[in-house]
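The structure appears right after this line, and notes come after that.
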Protein chains: 2
Amino acid sequence: MKKLINDPARVTDESVEGFGLVHADLVTVHTDPMFVVRNGAPVAGKVGLVSGGGSGHEPLHAGFVGLGMLDAAVPGAMFTSPTPDAIAPATVAANGGRGVLHIVKNYTGDVLNFETAAELAEADGIEVRTVIVNDDVAVQDSLYTAGRRGVAGTVAVEKIAGAAAERGDDLAGVAAIAERVIANVRTMGVALEACTVPHAGVPSFDLTDEEIEIGIGIHGEPGRHRIPMAPADEITAMLTTPVLDDLGIAGGEQVLLLVNGMGGTPLSELYVVYRAARRLVEARGATVARSLVGNYVTSLEMQGCSVTVLRLDDEMTALWDAPVHTAALRW
Amino acid sequence: MKKLINDPARVTDESVEGFGLVHADLVTVHTDPMFVVRNGAPVAGKVGLVSGGGSGHEPLHAGFVGLGMLDAAVPGAMFTSPTPDAIAPATVAANGGRGVLHIVKNYTGDVLNFETAAELAEADGIEVRTVIVNDDVAVQDSLYTAGRRGVAGTVAVEKIAGAAAERGDDLAGVAAIAERVIANVRTMGVALEACTVPHAGVPSFDLTDEEIEIGIGIHGEPGRHRIPMAPADEITAMLTTPVLDDLGIAGGEQVLLLVNGMGGTPLSELYVVYRAARRLVEARGATVARSLVGNYVTSLEMQGCSVTVLRLDDEMTALWDAPVHTAALRW
């Protein structure tokens with residue numbers, strides 16, 4: 001294993017410390033327990049947004065802390081859920097008096113730990129609502145999941161719910177728009193090469209030089225099937241068609257198209273995939289009204305990508321366009 | 001070779017086409033010959049900035065076209081210099097009547113082709129000045145270079161010169177500030193794993209499972225030496241100390257610290273390197289006044305990173321902070 005780390009047991013701590021130094025204008029890093037808080041939080045009178053999950057998916061979630069998105073993020077160890085004793089104080093730190101929304105990707109550990117943390121925060125008098133992101137159409141149940149996994153669609157949930165909170169919606173309203181995003185966003189991914197979790201020291205799965213895995217999870221969980229390497233346009237169709245079918249995208253609709261890199265794939269290839277995915281959306285008579293291409297929900301150095309489609313309505317589009325000022329998204 | 005491409009001969013065309021679709025609000029892609037132009041260019045009364053080089057280093061250069069940075073970028077084929085017949089019309093497209101600055105990374109092919117293009121543009125009555133970026137301290141001459149290579153420091157040159165052009169400096173003034181950045185910026189990189197150029201089909205060099213290369217170039221050109229894998233803090237010192245020494249950074253100085261990913265290294269590791277590099281700067285009594293961490297000048301899916309230090313003065317800091325609105329840098 002060759003990695004730019006010092007000690008597998010310290011990689012998350014050192015990485016988040018570095019993140020906090022670079023982005024000291026945006027966030028403050030709390031240690032022991034570790035969480036990342038937006039400077040100026042809690043924002044009085046604003047619903048707070050908290051997310052988190054295992055590390056190794058950067059810039060998710062700490063990279064989305066800031067104006068118009070999250071108030072706090074809780075990084076667990078690599079590919080490991082954060083614990084309630086970190087999520088609960090992050091929830092307190094995010095509470096501006098109008099309650100806190102937990103945005104949780106659907107993994108059993110995350111769901112349980114956020115649930116316990118919500119109970120702790122509620123015992124302190126903080127109203128907490130929770131939404132579960134489950135956008136991955138690849139498999140129904142998975143290695144760490146009852147039901148579908150939460151993957152790159154999380155970015156859209158955090159952005160749009162964050163904008164709703166920023167404009168002053170109450171907790172029920174912010175939760176409702178988050179649920180509307182979740183109901184309208186779907187994702188499917190592919191892996192060309194696995195990644196290696198530092199404390200494991202070996203790749204999380206093996207692919208031959210001629211083989212790729214369609215429907216991969218962001219922790220290397222098995223997907224739908226392994227196939228021989230194929231041209232990008234064919235692979236993109238294998239990802240995009242199930243997403244469009246599951247959403248039932250029809251002519252005349254407007255969508256957000258996100259092509260997300262898994263961490264180890266060149267940006268140039270993501271644009272090749274975007275080009276192909278956009279043609280498939282347009283072939284249905286739908287319009288790509290908004291786009292995002294880059295590494296947003298990664299899996300360490302995994303090579304591959306995912307395609308996410310969000311069915312937009314006018315309100316979601318306006319909230320997507322609203323100002324955001326975070327380490328990883330800014331406009 | 002597993003890559004998200006269709007045809008090695010078409011990858012740059014398809015990738016730039018995808019880029020243009022995603023960023024249609026910022027840029028227009030011209031084909032045959034291919035170059036990328038800022039929407040609204042030429043900006044009347046503004047010095048135009050043009051850069052370019054082989055593809056495979058994305059987001060460089062097209063990702064830096066927009067307000068406050070480049071007016072046009074010319075992508076060559078993968079790791080191959082763009083030709084004068086593409087650079088010349090890009091220069092025309094960037095000329096707002098006050099001349100054009102060519103920002104060229106120091107590779108023999110790039111230097112020659114930009115020189116020929118400058119002659120073509122000058123024959124059309126456009127005043128052209130050229131600056132050569134040569135920030136890589138690793139080796140004096142290289143596989144494709146007489147003198148030092150131009151690498152990640154290019155981002156600082158393009159950002160700061162772009163801001164000077166945007167505020168209305170004349171061609172001599174923009175060239176002078178670009179030269180001041182070049183005189184004060186140094187970089188050194190490391191590779192953990194090589195990348196594969198699509199039309200070659202095999203890795204550009206070989207490293208064993210226990211070996212890394214210090215001083216690597218962004219095309220996989222040989223560096224200073226190969227060493228056994230080491231902790232991130234030790235590797236970071238091997239990159240940062242030569243950079244600080246070459247610049248002669250002393251106590252009381254202010255610097256910009258850029259930790260640049262080569263494309264296949266997780267963001268979490270880049271923050272670990274940043275943390276270590278920052279300590280080394282501070283150990284000299286200097287201050288990290290500005291920071292940038294991410295994939296800016298890549299080498300396809302190469303694993304590794306580079307450390308860049310720019311000695312700042314008040315004017316350079318103000319120009320760095322000036323608004324920028326491009327695909328890859330935005331504030």
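Please note that chains go A, B, ... in the order of the structure tokens, that every chain numbers its residues from 1, and that ligands are numbered from 1 in the order shown.
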
*If we count only C-alpha atoms, what is near Pro59 of chain A at a cut-off of 7 Å, once residues fewer than 4 positions away on the same chain are taken out, given as a list in words?*
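Non-adjacent residues within range: Gly63, Tyr296, Val297 and Ala328 of chain A.
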
Show me, as CSV, the residues of chain A having an atom within 6 Å of chain B, each with the closest atom pair and its distance in Å, using only C-alpha atoms.
residue,atom,partner,partner_atom,distance
A:Leu4,CA,B:Ala232,CA,4.7
A:Ile5,CA,B:Ala232,CA,4.7
A:Asn6,CA,B:Pro231,CA,4.6
A:Glu14,CA,B:Val272,CA,5.6
A:Ser15,CA,B:Val272,CA,4.7
A:Gly18,CA,B:Arg275,CA,4.7
A:Phe19,CA,B:Tyr271,CA,5.8
A:Val22,CA,B:Ser291,CA,5.9
A:Pro231,CA,B:Asn6,CA,4.6
A:Ala232,CA,B:Leu4,CA,4.7
A:Gly263,CA,B:Pro266,CA,5.9
A:Gly264,CA,B:Gly264,CA,3.9
A:Thr265,CA,B:Glu301,CA,5.8
A:Pro266,CA,B:Leu300,CA,5.0
A:Ser268,CA,B:Ser15,CA,5.4
A:Glu269,CA,B:Leu4,CA,5.4
A:Tyr271,CA,B:Gly18,CA,4.8
A:Val272,CA,B:Ser15,CA,4.7
A:Arg275,CA,B:Gly18,CA,4.7
A:Ser291,CA,B:Val22,CA,5.9
A:Leu300,CA,B:Pro266,CA,5.0
A:Glu301,CA,B:Pro266,CA,5.4

*For Thr108 of chain B, please output as an MDAnalysis selection string all residues within 7 Å (counting only C-alpha atoms; exclusion window: fewer than 6 positions along the same chain).*
chainID B and resid 144:146

*Near Ala90 of chain A, counting only C-alpha atoms, which residues have an atom at most 12 Å away, once you skip same-chain residues fewer than 5 positions from it, shown as a ChimeraX atom specification?*
/A:28-38,41-42,48-52,65,70-75,82-85,95,100-102,114,117-118,120-121,126

*Just list the residues in segment 194-236 of chain B DSSP gives alpha helix (DSSP H) on the backbone, as a PyMOL selection string.*
chain B and resi 232-236

_Report, in Å to a single decimal, how far apart atom CA of Thr130 of chain B and atom CA of Pro242 of chain B are._
27.4 Å

*asked:* I'd like the contact shell of Ala175 of chain B - 8 Å cut-off, only C-alpha atoms, skipping same-chain residues fewer than 3 positions apart - returned as a ChimeraX atom specification.
replied: /B:101,129-131,161,171-172,178-179

Selection from above, all heavy atoms, as an mmCIF file, in the first residue's frame, can you write it?
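Heads up, here's the output in selection16.cif:
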data_model
loop_
_atom_site.group_PDB
_atom_site.id
_atom_site.type_symbol
_atom_site.label_atom_id
_atom_site.label_comp_id
_atom_site.auth_asym_id
_atom_site.auth_seq_id
_atom_site.Cartn_x
_atom_site.Cartn_y
_atom_site.Cartn_z
ATOM 1 N N LEU B 101 -1.048 38.327 -23.888
ATOM 2 C CA LEU B 101 0.045 37.640 -23.191
ATOM 3 C C LEU B 101 -0.105 36.134 -23.381
ATOM 4 O O LEU B 101 -1.165 35.570 -23.091
ATOM 5 C CB LEU B 101 0.027 37.966 -21.692
ATOM 6 C CG LEU B 101 1.182 37.361 -20.885
ATOM 7 C CD1 LEU B 101 2.508 38.034 -21.240
ATOM 8 C CD2 LEU B 101 0.924 37.460 -19.387
ATOM 9 N N ARG B 129 3.170 39.290 -26.104
ATOM 10 C CA ARG B 129 4.300 39.063 -25.199
ATOM 11 C C ARG B 129 4.181 37.638 -24.673
ATOM 12 O O ARG B 129 3.076 37.097 -24.561
ATOM 13 C CB ARG B 129 4.265 40.046 -24.016
ATOM 14 C CG ARG B 129 4.484 41.502 -24.407
ATOM 15 C CD ARG B 129 5.964 41.832 -24.562
ATOM 16 N NE ARG B 129 6.681 41.754 -23.309
ATOM 17 C CZ ARG B 129 6.968 42.803 -22.539
ATOM 18 N NH1 ARG B 129 6.592 44.010 -22.905
ATOM 19 N NH2 ARG B 129 7.646 42.659 -21.422
ATOM 20 N N THR B 130 5.307 37.054 -24.324
ATOM 21 C CA THR B 130 5.300 35.668 -23.859
ATOM 22 C C THR B 130 6.042 35.561 -22.530
ATOM 23 O O THR B 130 7.118 36.155 -22.379
ATOM 24 C CB THR B 130 5.974 34.753 -24.898
ATOM 25 O OG1 THR B 130 5.261 34.863 -26.129
ATOM 26 C CG2 THR B 130 5.975 33.300 -24.432
ATOM 27 N N VAL B 131 5.464 34.827 -21.596
ATOM 28 C CA VAL B 131 6.200 34.460 -20.381
ATOM 29 C C VAL B 131 6.289 32.938 -20.317
ATOM 30 O O VAL B 131 5.375 32.233 -20.743
ATOM 31 C CB VAL B 131 5.547 35.014 -19.096
ATOM 32 C CG1 VAL B 131 5.588 36.542 -19.083
ATOM 33 C CG2 VAL B 131 4.117 34.514 -18.915
ATOM 34 N N ALA B 161 -1.765 37.174 -13.039
ATOM 35 C CA ALA B 161 -1.694 37.966 -14.277
ATOM 36 C C ALA B 161 -3.100 38.262 -14.794
ATOM 37 O O ALA B 161 -3.370 39.364 -15.293
ATOM 38 C CB ALA B 161 -0.876 37.220 -15.334
ATOM 39 N N LEU B 171 -0.128 45.717 -21.501
ATOM 40 C CA LEU B 171 0.546 44.453 -21.785
ATOM 41 C C LEU B 171 1.885 44.352 -21.062
ATOM 42 O O LEU B 171 2.215 43.298 -20.491
ATOM 43 C CB LEU B 171 0.723 44.278 -23.302
ATOM 44 C CG LEU B 171 1.373 42.975 -23.773
ATOM 45 C CD1 LEU B 171 0.603 41.755 -23.269
ATOM 46 C CD2 LEU B 171 1.463 42.947 -25.302
ATOM 47 N N ALA B 172 2.647 45.429 -21.046
ATOM 48 C CA ALA B 172 3.936 45.388 -20.348
ATOM 49 C C ALA B 172 3.725 45.153 -18.849
ATOM 50 O O ALA B 172 4.479 44.409 -18.207
ATOM 51 C CB ALA B 172 4.698 46.692 -20.578
ATOM 52 N N ALA B 178 3.347 38.861 -14.274
ATOM 53 C CA ALA B 178 3.508 37.424 -14.533
ATOM 54 C C ALA B 178 4.957 37.006 -14.278
ATOM 55 O O ALA B 178 5.223 35.974 -13.643
ATOM 56 C CB ALA B 178 3.097 37.092 -15.970
ATOM 57 N N GLU B 179 5.898 37.816 -14.737
ATOM 58 C CA GLU B 179 7.316 37.500 -14.515
ATOM 59 C C GLU B 179 7.652 37.546 -13.023
ATOM 60 O O GLU B 179 8.493 36.780 -12.543
ATOM 61 C CB GLU B 179 8.217 38.482 -15.276
ATOM 62 C CG GLU B 179 8.141 38.364 -16.799
ATOM 63 C CD GLU B 179 8.835 37.113 -17.360
ATOM 64 O OE1 GLU B 179 9.226 36.216 -16.583
ATOM 65 O OE2 GLU B 179 8.949 37.040 -18.597
#

_For Thr308 of chain B: contacts at 9 Å, only C-alpha atoms, fewer than 5 positions along chain excluded, given as a list in words_ =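 Final neighbour list, sorted by chain and number: Asp135, Asp136, Ala152, Gly153, Val185, Arg186, Thr187, Met188, Gly189, Leu239, Thr240, Val243, Leu256, Leu257, Leu258, Val259 and Asn260 of chain B.
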
Written file, previous selection with all heavy atoms, as a compact mmCIF listing (two decimals), in the first residue's frame:
# COMPACT_ATOMS: atom_id res chain seq x y z
N ASP B 135 8.72 26.51 -12.93
CA ASP B 135 8.74 26.49 -11.45
C ASP B 135 9.28 25.21 -10.83
O ASP B 135 9.48 25.16 -9.63
CB ASP B 135 7.34 26.79 -10.92
CG ASP B 135 6.27 25.86 -11.48
OD1 ASP B 135 6.28 25.63 -12.71
OD2 ASP B 135 5.42 25.38 -10.71
N ASP B 136 9.49 24.17 -11.63
CA ASP B 136 9.82 22.87 -11.05
C ASP B 136 11.30 22.82 -10.67
O ASP B 136 12.17 22.81 -11.54
CB ASP B 136 9.49 21.78 -12.07
CG ASP B 136 9.58 20.38 -11.48
OD1 ASP B 136 10.25 20.21 -10.43
OD2 ASP B 136 8.99 19.46 -12.06
N ALA B 152 2.81 23.15 -11.51
CA ALA B 152 1.62 23.69 -10.84
C ALA B 152 1.67 25.18 -10.55
O ALA B 152 0.62 25.81 -10.36
CB ALA B 152 1.38 22.92 -9.53
N GLY B 153 2.86 25.77 -10.52
CA GLY B 153 2.97 27.21 -10.33
C GLY B 153 2.23 28.01 -11.40
O GLY B 153 1.90 29.18 -11.21
N VAL B 185 7.94 31.70 -7.57
CA VAL B 185 7.17 30.48 -7.35
C VAL B 185 8.01 29.25 -7.69
O VAL B 185 8.75 29.25 -8.67
CB VAL B 185 5.84 30.50 -8.17
CG1 VAL B 185 6.08 30.42 -9.67
CG2 VAL B 185 4.89 29.42 -7.69
N ARG B 186 7.94 28.25 -6.83
CA ARG B 186 8.69 27.01 -7.04
C ARG B 186 7.82 25.82 -6.64
O ARG B 186 7.00 25.93 -5.72
CB ARG B 186 9.95 26.98 -6.19
CG ARG B 186 10.93 28.11 -6.45
CD ARG B 186 11.67 27.97 -7.78
NE ARG B 186 12.72 28.97 -7.86
CZ ARG B 186 12.53 30.24 -8.23
NH1 ARG B 186 11.31 30.67 -8.55
NH2 ARG B 186 13.55 31.08 -8.27
N THR B 187 8.10 24.69 -7.28
CA THR B 187 7.28 23.49 -7.10
C THR B 187 8.16 22.25 -7.11
O THR B 187 9.19 22.23 -7.82
CB THR B 187 6.25 23.38 -8.25
OG1 THR B 187 5.39 24.52 -8.22
CG2 THR B 187 5.41 22.11 -8.14
N MET B 188 7.75 21.22 -6.38
CA MET B 188 8.36 19.90 -6.57
C MET B 188 7.29 18.84 -6.30
O MET B 188 6.45 18.99 -5.41
CB MET B 188 9.58 19.72 -5.67
CG MET B 188 10.37 18.46 -5.99
SD MET B 188 12.13 18.68 -5.57
CE MET B 188 12.54 17.04 -5.04
N GLY B 189 7.35 17.74 -7.07
CA GLY B 189 6.30 16.73 -7.01
C GLY B 189 6.82 15.33 -6.72
O GLY B 189 8.02 15.07 -6.77
N LEU B 239 9.81 17.32 -0.60
CA LEU B 239 9.30 18.23 -1.64
C LEU B 239 9.42 19.69 -1.21
O LEU B 239 9.78 20.56 -2.01
CB LEU B 239 7.82 17.92 -1.93
CG LEU B 239 7.46 16.48 -2.30
CD1 LEU B 239 5.97 16.38 -2.58
CD2 LEU B 239 8.27 16.00 -3.49
N THR B 240 9.09 19.94 0.04
CA THR B 240 8.94 21.33 0.49
C THR B 240 10.28 21.99 0.79
O THR B 240 10.47 23.18 0.49
CB THR B 240 8.04 21.36 1.75
OG1 THR B 240 6.85 20.61 1.49
CG2 THR B 240 7.66 22.79 2.12
N VAL B 243 12.04 23.37 -2.23
CA VAL B 243 11.28 24.52 -2.74
C VAL B 243 11.58 25.76 -1.90
O VAL B 243 11.88 26.84 -2.43
CB VAL B 243 9.77 24.18 -2.73
CG1 VAL B 243 8.91 25.43 -2.83
CG2 VAL B 243 9.45 23.22 -3.87
N LEU B 256 2.00 31.90 -0.46
CA LEU B 256 0.88 31.08 -0.88
C LEU B 256 1.38 29.64 -0.91
O LEU B 256 2.44 29.37 -1.49
CB LEU B 256 0.42 31.48 -2.29
CG LEU B 256 -0.51 30.50 -3.02
CD1 LEU B 256 -1.92 30.58 -2.47
CD2 LEU B 256 -0.54 30.79 -4.53
N LEU B 257 0.63 28.72 -0.30
CA LEU B 257 1.00 27.31 -0.28
C LEU B 257 -0.05 26.52 -1.06
O LEU B 257 -1.23 26.51 -0.69
CB LEU B 257 1.07 26.81 1.17
CG LEU B 257 1.36 25.32 1.37
CD1 LEU B 257 2.69 24.91 0.74
CD2 LEU B 257 1.36 24.98 2.87
N LEU B 258 0.39 25.89 -2.13
CA LEU B 258 -0.49 25.09 -2.98
C LEU B 258 -0.06 23.63 -2.91
O LEU B 258 1.07 23.30 -3.24
CB LEU B 258 -0.40 25.59 -4.44
CG LEU B 258 -0.90 24.66 -5.56
CD1 LEU B 258 -2.35 24.28 -5.39
CD2 LEU B 258 -0.70 25.32 -6.92
N VAL B 259 -0.96 22.77 -2.46
CA VAL B 259 -0.73 21.32 -2.54
C VAL B 259 -1.64 20.81 -3.65
O VAL B 259 -2.87 20.86 -3.55
CB VAL B 259 -1.02 20.62 -1.21
CG1 VAL B 259 -0.90 19.10 -1.38
CG2 VAL B 259 -0.05 21.11 -0.14
N ASN B 260 -1.01 20.35 -4.71
CA ASN B 260 -1.70 19.98 -5.94
C ASN B 260 -1.71 18.47 -6.13
O ASN B 260 -0.66 17.83 -6.08
CB ASN B 260 -0.97 20.64 -7.12
CG ASN B 260 -1.50 20.18 -8.46
OD1 ASN B 260 -2.67 20.41 -8.77
ND2 ASN B 260 -0.66 19.50 -9.22

_Need to verify the contact set: Ile182 of chain A, 9 Å, only C-alpha atoms, exclusion of same-chain residues closer than 6 positions in sequence. Can you return it as a PyMOL selection string?_
chain A and resi 131-135+153-154+156-157+310

Just all heavy atoms for this one: save the residues we selected as a CSV table (one decimal), in the first residue's frame.
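What landed in again_7.csv:
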chain,number,residue,atom,x,y,z
A,131,VAL,N,-33.7,13.0,7.5
A,131,VAL,CA,-34.0,12.5,6.2
A,131,VAL,C,-32.9,11.5,5.8
A,131,VAL,O,-31.7,11.6,6.1
A,131,VAL,CB,-34.1,13.6,5.1
A,131,VAL,CG1,-35.3,14.5,5.4
A,131,VAL,CG2,-32.8,14.4,4.9
A,132,ILE,N,-33.3,10.4,5.1
A,132,ILE,CA,-32.4,9.4,4.7
A,132,ILE,C,-32.3,9.4,3.2
A,132,ILE,O,-33.3,9.3,2.4
A,132,ILE,CB,-33.0,8.0,5.1
A,132,ILE,CG1,-33.4,7.9,6.6
A,132,ILE,CG2,-32.0,6.9,4.7
A,132,ILE,CD1,-32.2,7.9,7.5
A,133,VAL,N,-31.0,9.6,2.7
A,133,VAL,CA,-30.8,9.6,1.3
A,133,VAL,C,-30.5,8.2,0.8
A,133,VAL,O,-29.7,7.5,1.3
A,133,VAL,CB,-29.5,10.5,1.0
A,133,VAL,CG1,-29.4,10.7,-0.5
A,133,VAL,CG2,-29.7,11.9,1.6
A,134,ASN,N,-31.2,7.8,-0.3
A,134,ASN,CA,-31.1,6.4,-0.8
A,134,ASN,C,-31.3,6.4,-2.3
A,134,ASN,O,-32.2,5.8,-2.8
A,134,ASN,CB,-32.2,5.5,-0.1
A,134,ASN,CG,-33.6,6.0,-0.4
A,134,ASN,OD1,-33.8,7.1,-0.9
A,134,ASN,ND2,-34.6,5.2,0.0
A,135,ASP,N,-30.3,7.1,-2.9
A,135,ASP,CA,-30.5,7.4,-4.4
A,135,ASP,C,-29.9,6.3,-5.3
A,135,ASP,O,-30.1,6.4,-6.5
A,135,ASP,CB,-29.8,8.7,-4.7
A,135,ASP,CG,-28.4,8.8,-4.3
A,135,ASP,OD1,-28.1,8.5,-3.1
A,135,ASP,OD2,-27.5,9.3,-5.0
A,153,GLY,N,-26.2,11.5,-4.9
A,153,GLY,CA,-27.4,12.4,-4.8
A,153,GLY,C,-27.4,13.2,-3.5
A,153,GLY,O,-28.1,14.3,-3.4
A,154,THR,N,-26.6,12.8,-2.5
A,154,THR,CA,-26.5,13.5,-1.3
A,154,THR,C,-26.1,15.0,-1.5
A,154,THR,O,-26.6,15.9,-0.8
A,154,THR,CB,-25.5,12.8,-0.4
A,154,THR,OG1,-25.8,11.5,-0.3
A,154,THR,CG2,-25.4,13.4,1.0
A,156,ALA,N,-27.0,17.0,-3.9
A,156,ALA,CA,-28.2,17.8,-4.3
A,156,ALA,C,-29.1,18.0,-3.1
A,156,ALA,O,-29.6,19.1,-2.9
A,156,ALA,CB,-28.9,17.1,-5.4
A,157,VAL,N,-29.2,17.0,-2.2
A,157,VAL,CA,-30.0,17.1,-1.0
A,157,VAL,C,-29.4,18.2,-0.1
A,157,VAL,O,-30.2,19.1,0.4
A,157,VAL,CB,-30.1,15.8,-0.3
A,157,VAL,CG1,-31.0,15.9,1.0
A,157,VAL,CG2,-30.7,14.7,-1.2
A,310,LEU,N,-31.3,14.4,-11.2
A,310,LEU,CA,-32.4,14.9,-10.3
A,310,LEU,C,-33.4,15.6,-11.2
A,310,LEU,O,-33.1,16.5,-12.0
A,310,LEU,CB,-31.7,16.0,-9.4
A,310,LEU,CG,-32.7,16.9,-8.6
A,310,LEU,CD1,-33.6,16.1,-7.7
A,310,LEU,CD2,-32.0,18.0,-7.9

*From a DSSP pass on the backbone, collect the residues of segment 123-259 of chain A flagged as strand (DSSP E or B) and hand them back as a ChimeraX atom specification.*
/A:128-133,136,142,145,185-193,196,203,211-214,225-228,254-259

*Measure the distance from atom CA of Leu244 of chain B to atom CA of Gly173 of chain B in Å and round it to one decimal.*
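So the two atoms, atom CA of Leu244 of chain B and atom CA of Gly173 of chain B, lie 27.2 Å apart.
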